[in-house]
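So the structure is just underneath, and the comments pick up after that.
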Amino acid sequence: MQNTVQSVQELWRSKWWLPIVSIFLASRITTFFLFLAFAQIQEANYWTGAKPGYFDFLNIWDAEWYERIYNDGYPSVLPTNPDGTVQQNNWAFMPVFPFLIRGLHLLTGVEFKFLAPIVATLFGFAFVLVAYKLLLLRLTKSQSRWAIVLISFSMASPILQTGYAESLSLFLFAAALYCYQTKRWVWLAVALTELSVTRPGLIAFALFFAGMLAYRWFAEKRISWIDFGFAALSSLLGFAWLVVAWAVTGRPDAYVKTELAWRAGYTDASSLVPFSGWFES
């Protein structure tokens, strides 16, 4: 306990985090006003009436699916169309973010509409802090801060304060890379495990570890058992959610067919052929 208090005191005295928090806060204030401005010209739609409030506006589109999981979990029987094709359903979205919001709701009583964007924004702060520490391993303080400016004000950054899992997944991505660079193997395994049921992306990590394994072999003439082990772990975790969907629904294709349902109407949704959606679109 004493060590924890000392660590917090040291963190406060160093204040290395203050410029990063300030940058991200400025970006979130900017996008807050942008969201308000766009909400004022938003017409009535499937999710809201015309000119919705800030939190209503932040909970449209895919936030609806996270709220469905928050309320109902996952179906044991996949919903299907009259022709037998699978409809869009909750299995396309992973559980860590909505279940976290559910747990916080039980503790606080605050509803999803408010909790989801607030928690997502807080994870956005956590993401840029870890990203900054990661960048410092290779760049100067000035370069790293400018990188955080570019990230925080990028065109895609508003999603970091909506009711989505993107900020949490980016935090876990950055944390995993930082743990790898600093040889925190146990925390790396924890981050990868959490990421595997937060957002898709573990197969990319498996390729990363495989690439590092090949590099060690050709450049250093040695086998890196750490890279081998994490390549294997990432490969297994990359398919974990498919196995969970199979176990609950009894259909080995439950996750794939669910994802293909989002293609229906603009590309072939009958089978998964890698990269075919790019060309068809």
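Residues are referred to by chain and number: the chain letter is A, B, ... according to the order shown in the structure tokens, the number counts from 1 in that chain, and ligands are numbered separately from 1 in the order shown.
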What's around stretch 250-264 of chain A at 12 Å? Count only C-alpha atoms, leave out sequence neighbours fewer than 3 positions away in its own chain, and write the answer as a PyMOL selection string. chain A and resi 62+74-81+84-94+200+239-247+267-274+276-278+280-281
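The space between atom CA of A:Trp187 and atom CA of A:Ser142 spans 27.9 Å.
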